[in-house]
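Novice: Here it is, the structure, as structure tokens.
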Amino acid sequence: MEIEHIRKALEKEPDEVVSKLLDHIEKQYGEIPYILNFLKDTPELFIPKVLYDNSIMREFKRMDPKTIELISIGVSAAIRCKYCLKMHIRVAKRLGISKEEIFDAILIGGTLSNAAVLAEGTRALDSELNSGNDICDESCDESCDVCNILEDA
């Protein structure tokens with residue numbers, strides 16, 4: 001949303017701004033996302049959230065709507081937000097995005113989510129076992145599976 005449009009919107013009554021933004025969102029998405037419907041009665045929260053989100057998600061000129069929806073699907077899958085995921089799949093269908101493309105975005109999100117778990121877990125393991133903070137005590141010997149886990153890898 002252009003800064004001039006934002007300035008003009010903020011000069012109007014909050015209920016009028018909420019109504020216009022809801023109309024705009026429904027045209028963009030084909031529906032009103034649950035969280036925005038929930039927030040609509042609190043204009044002081046609704047208006048800045050929508051303006052911020054819209055500036056990133058819908059007014060981006062460097063990416064097309066299809067790319068934005070595929071990214072939204074991948075991220076929703078990665079963070080395991082079933083509500084976001086289902087809504088962005090519906091929006092993707094309205095945009096004509098194929099089931100295969102949607103699935104690819106889910107696979108990419110899942111792969112990155114898995115990599116994040118592995119990166120965090122293996123770094124914690126490496127840090128704890130190689131920093132002198134071993135979970136094993138002095139009674140361990142070279143046959144200890146915990147002490148030798150990294151050597152076997």
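Chain labels run A, B, ... following the order of the structure tokens; each chain numbers its residues from 1, and ligands are numbered from 1 in the order shown.
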Where does DSSP see alpha helix (DSSP H) in chain A, if you list the residues as number ranges by chain?

Specialist: A: 3-10, 14-29, 34-39, 43-57, 65-78, 82-94, 99-129, 149-152

Novice: Identify, on the basis of only C-alpha atoms, every residue whose closest approach to A:Ile108 does not exceed 12 Å; exclude the query and any residue fewer than 6 positions from it along the same chain; express the result as a PyMOL selection string.

Specialist: chain A and resi 70-78+101-102+114-115

Novice: Which polymer residues have any atom within 12 Å of an atom of stretch 79-90 of chain A, counting only C-alpha atoms, with same-chain residues fewer than 4 positions away left out, as a VMD selection string?

Specialist: chain A and resid 28 to 35 57 65 to 75 94 to 103 105 to 106 109 to 114 116 to 117

Novice: Now that the selection is made, can you save its residues with N, CA and C atoms as a compact mmCIF listing (two decimals), in the first residue's frame?

Specialist:
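New file result-v4.txt:
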```txt
# COMPACT_ATOMS: atom_id res chain seq x y z
N GLN A 28 -8.50 -9.94 -2.34
CA GLN A 28 -7.17 -10.53 -2.53
C GLN A 28 -7.16 -12.03 -2.27
N TYR A 29 -7.74 -12.44 -1.15
CA TYR A 29 -7.68 -13.84 -0.72
C TYR A 29 -8.88 -14.68 -1.16
N GLY A 30 -10.00 -14.02 -1.41
CA GLY A 30 -11.22 -14.77 -1.68
C GLY A 30 -11.93 -15.15 -0.39
N GLU A 31 -11.41 -14.70 0.73
CA GLU A 31 -11.98 -14.96 2.06
C GLU A 31 -11.28 -14.05 3.06
N ILE A 32 -11.81 -14.00 4.26
CA ILE A 32 -11.17 -13.24 5.34
C ILE A 32 -10.49 -14.25 6.24
N PRO A 33 -9.17 -14.18 6.39
CA PRO A 33 -8.49 -15.09 7.31
C PRO A 33 -9.05 -14.96 8.73
N TYR A 34 -9.11 -16.08 9.42
CA TYR A 34 -9.71 -16.13 10.75
C TYR A 34 -9.16 -15.07 11.69
N ILE A 35 -7.84 -14.95 11.77
CA ILE A 35 -7.24 -14.02 12.73
C ILE A 35 -7.65 -12.58 12.45
N MET A 57 3.00 -8.93 1.99
CA MET A 57 2.40 -10.07 1.30
C MET A 57 1.70 -9.70 -0.02
N PRO A 65 2.11 -13.07 -7.19
CA PRO A 65 1.25 -13.69 -6.17
C PRO A 65 1.44 -15.20 -6.04
N LYS A 66 1.71 -15.89 -7.14
CA LYS A 66 1.92 -17.33 -7.09
C LYS A 66 3.14 -17.67 -6.22
N THR A 67 4.23 -16.96 -6.44
CA THR A 67 5.45 -17.20 -5.66
C THR A 67 5.20 -16.92 -4.19
N ILE A 68 4.51 -15.81 -3.90
CA ILE A 68 4.21 -15.47 -2.51
C ILE A 68 3.37 -16.56 -1.85
N GLU A 69 2.39 -17.09 -2.55
CA GLU A 69 1.56 -18.15 -1.96
C GLU A 69 2.35 -19.43 -1.76
N LEU A 70 3.22 -19.78 -2.71
CA LEU A 70 4.03 -20.99 -2.53
C LEU A 70 4.98 -20.85 -1.34
N ILE A 71 5.56 -19.67 -1.17
CA ILE A 71 6.40 -19.43 0.00
C ILE A 71 5.55 -19.54 1.27
N SER A 72 4.38 -18.93 1.25
CA SER A 72 3.49 -18.99 2.42
C SER A 72 3.12 -20.42 2.76
N ILE A 73 2.90 -21.25 1.77
CA ILE A 73 2.57 -22.66 1.99
C ILE A 73 3.77 -23.38 2.60
N GLY A 74 4.95 -23.19 2.04
CA GLY A 74 6.14 -23.85 2.56
C GLY A 74 6.43 -23.46 4.00
N VAL A 75 6.32 -22.17 4.30
CA VAL A 75 6.57 -21.70 5.66
C VAL A 75 5.49 -22.22 6.60
N ARG A 94 -7.24 -20.95 -5.82
CA ARG A 94 -7.92 -19.86 -6.52
C ARG A 94 -7.01 -19.19 -7.54
N LEU A 95 -5.71 -19.20 -7.27
CA LEU A 95 -4.74 -18.60 -8.21
C LEU A 95 -4.36 -19.56 -9.34
N GLY A 96 -4.88 -20.79 -9.29
CA GLY A 96 -4.58 -21.75 -10.34
C GLY A 96 -3.29 -22.51 -10.15
N ILE A 97 -2.78 -22.49 -8.94
CA ILE A 97 -1.54 -23.22 -8.65
C ILE A 97 -1.87 -24.71 -8.56
N SER A 98 -1.07 -25.53 -9.21
CA SER A 98 -1.37 -26.96 -9.27
C SER A 98 -1.09 -27.66 -7.95
N LYS A 99 -1.73 -28.79 -7.78
CA LYS A 99 -1.52 -29.63 -6.60
C LYS A 99 -0.05 -30.02 -6.48
N GLU A 100 0.58 -30.31 -7.60
CA GLU A 100 1.99 -30.71 -7.60
C GLU A 100 2.89 -29.57 -7.13
N GLU A 101 2.60 -28.34 -7.56
CA GLU A 101 3.40 -27.19 -7.12
C GLU A 101 3.21 -26.94 -5.62
N ILE A 102 1.98 -27.08 -5.16
CA ILE A 102 1.69 -26.93 -3.73
C ILE A 102 2.44 -27.99 -2.94
N PHE A 103 2.41 -29.21 -3.43
CA PHE A 103 3.12 -30.30 -2.74
C PHE A 103 4.62 -30.03 -2.71
N ALA A 105 6.07 -27.15 -2.60
CA ALA A 105 6.31 -26.13 -1.58
C ALA A 105 6.27 -26.75 -0.18
N ILE A 106 5.35 -27.69 0.03
CA ILE A 106 5.26 -28.39 1.32
C ILE A 106 6.52 -29.23 1.55
N GLY A 109 9.35 -26.88 2.50
CA GLY A 109 9.17 -26.45 3.89
C GLY A 109 9.51 -27.55 4.87
N GLY A 110 9.08 -28.78 4.56
CA GLY A 110 9.39 -29.91 5.43
C GLY A 110 10.87 -30.22 5.49
N THR A 111 11.53 -30.11 4.36
CA THR A 111 12.96 -30.36 4.32
C THR A 111 13.72 -29.34 5.16
N LEU A 112 13.36 -28.08 5.03
CA LEU A 112 14.02 -27.03 5.82
C LEU A 112 13.69 -27.16 7.30
N SER A 113 12.46 -27.53 7.62
CA SER A 113 12.09 -27.74 9.02
C SER A 113 12.91 -28.88 9.61
N ASN A 114 13.04 -29.96 8.85
CA ASN A 114 13.84 -31.10 9.29
C ASN A 114 15.29 -30.69 9.47
N ALA A 116 16.43 -27.78 10.20
CA ALA A 116 16.54 -26.93 11.39
C ALA A 116 16.60 -27.76 12.65
N VAL A 117 15.77 -28.80 12.73
CA VAL A 117 15.79 -29.70 13.89
C VAL A 117 17.15 -30.39 13.99
```

Novice: Considering only C-alpha atoms, can you say which of A:Ala92, A:Met63, A:Ile47, A:Leu36 comes closest to A:Glu13?

Specialist: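 Closest to A:Glu13, using only C-alpha atoms: A:Ile47.
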
Novice: One number please: atom CA of A:Pro14 to atom CA of A:Pro43, in Å, one decimal.

Specialist: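 Spanning atom CA of A:Pro14 to atom CA of A:Pro43 is a straight-line distance of 6.0 Å.
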
Novice: Could you tell me how far atom CA of A:Asp15 sits from atom CA of A:Thr42, in Å to one decimal place?

Specialist: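 According to the coordinates, atom CA of A:Thr42 and atom CA of A:Asp15 are separated by 9.4 Å.
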
Novice: Near A:Leu10, within 12 Å and counting only C-alpha atoms, which residues show up once chain neighbours fewer than 3 positions away are dropped, as a VMD selection string?

Specialist: chain A and resid 3 to 7 13 to 18 20 to 21 43 to 44 47 to 48 51

Novice: May I have the selected residues written with C-alpha atoms, as a PDB file, in the first residue's frame?

Specialist:
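The resulting file, part30.pdb, is shown below:
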```
ATOM      1  CA  ILE A   3       2.295   5.666   1.874  1.00  0.00           C
ATOM      2  CA  GLU A   4      -0.181   8.266   0.596  1.00  0.00           C
ATOM      3  CA  HIS A   5      -2.996   5.678   0.660  1.00  0.00           C
ATOM      4  CA  ILE A   6      -2.013   4.746   4.210  1.00  0.00           C
ATOM      5  CA  ARG A   7      -2.060   8.414   5.262  1.00  0.00           C
ATOM      6  CA  GLU A  13     -12.881   6.771  11.080  1.00  0.00           C
ATOM      7  CA  PRO A  14     -11.460   3.435  12.294  1.00  0.00           C
ATOM      8  CA  ASP A  15     -14.644   1.468  11.510  1.00  0.00           C
ATOM      9  CA  GLU A  16     -14.611   2.777   7.933  1.00  0.00           C
ATOM     10  CA  VAL A  17     -10.931   1.847   7.529  1.00  0.00           C
ATOM     11  CA  VAL A  18     -11.578  -1.655   8.920  1.00  0.00           C
ATOM     12  CA  LYS A  20     -12.454  -1.026   3.486  1.00  0.00           C
ATOM     13  CA  LEU A  21      -9.488  -3.164   4.475  1.00  0.00           C
ATOM     14  CA  PRO A  43      -9.117  -1.350  15.032  1.00  0.00           C
ATOM     15  CA  GLU A  44      -6.020  -0.263  16.963  1.00  0.00           C
ATOM     16  CA  ILE A  47      -5.319  -1.646  11.095  1.00  0.00           C
ATOM     17  CA  PRO A  48      -1.541  -1.684  11.752  1.00  0.00           C
ATOM     18  CA  LEU A  51      -1.144  -2.449   6.726  1.00  0.00           C
TER      19      LEU A  51
END
```

Novice: Can you work out the spacing between atom CA of A:Leu45 and atom CA of A:Lys61 in Å, to one decimal?

Specialist: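 These two atoms are separated by 25.6 Å.
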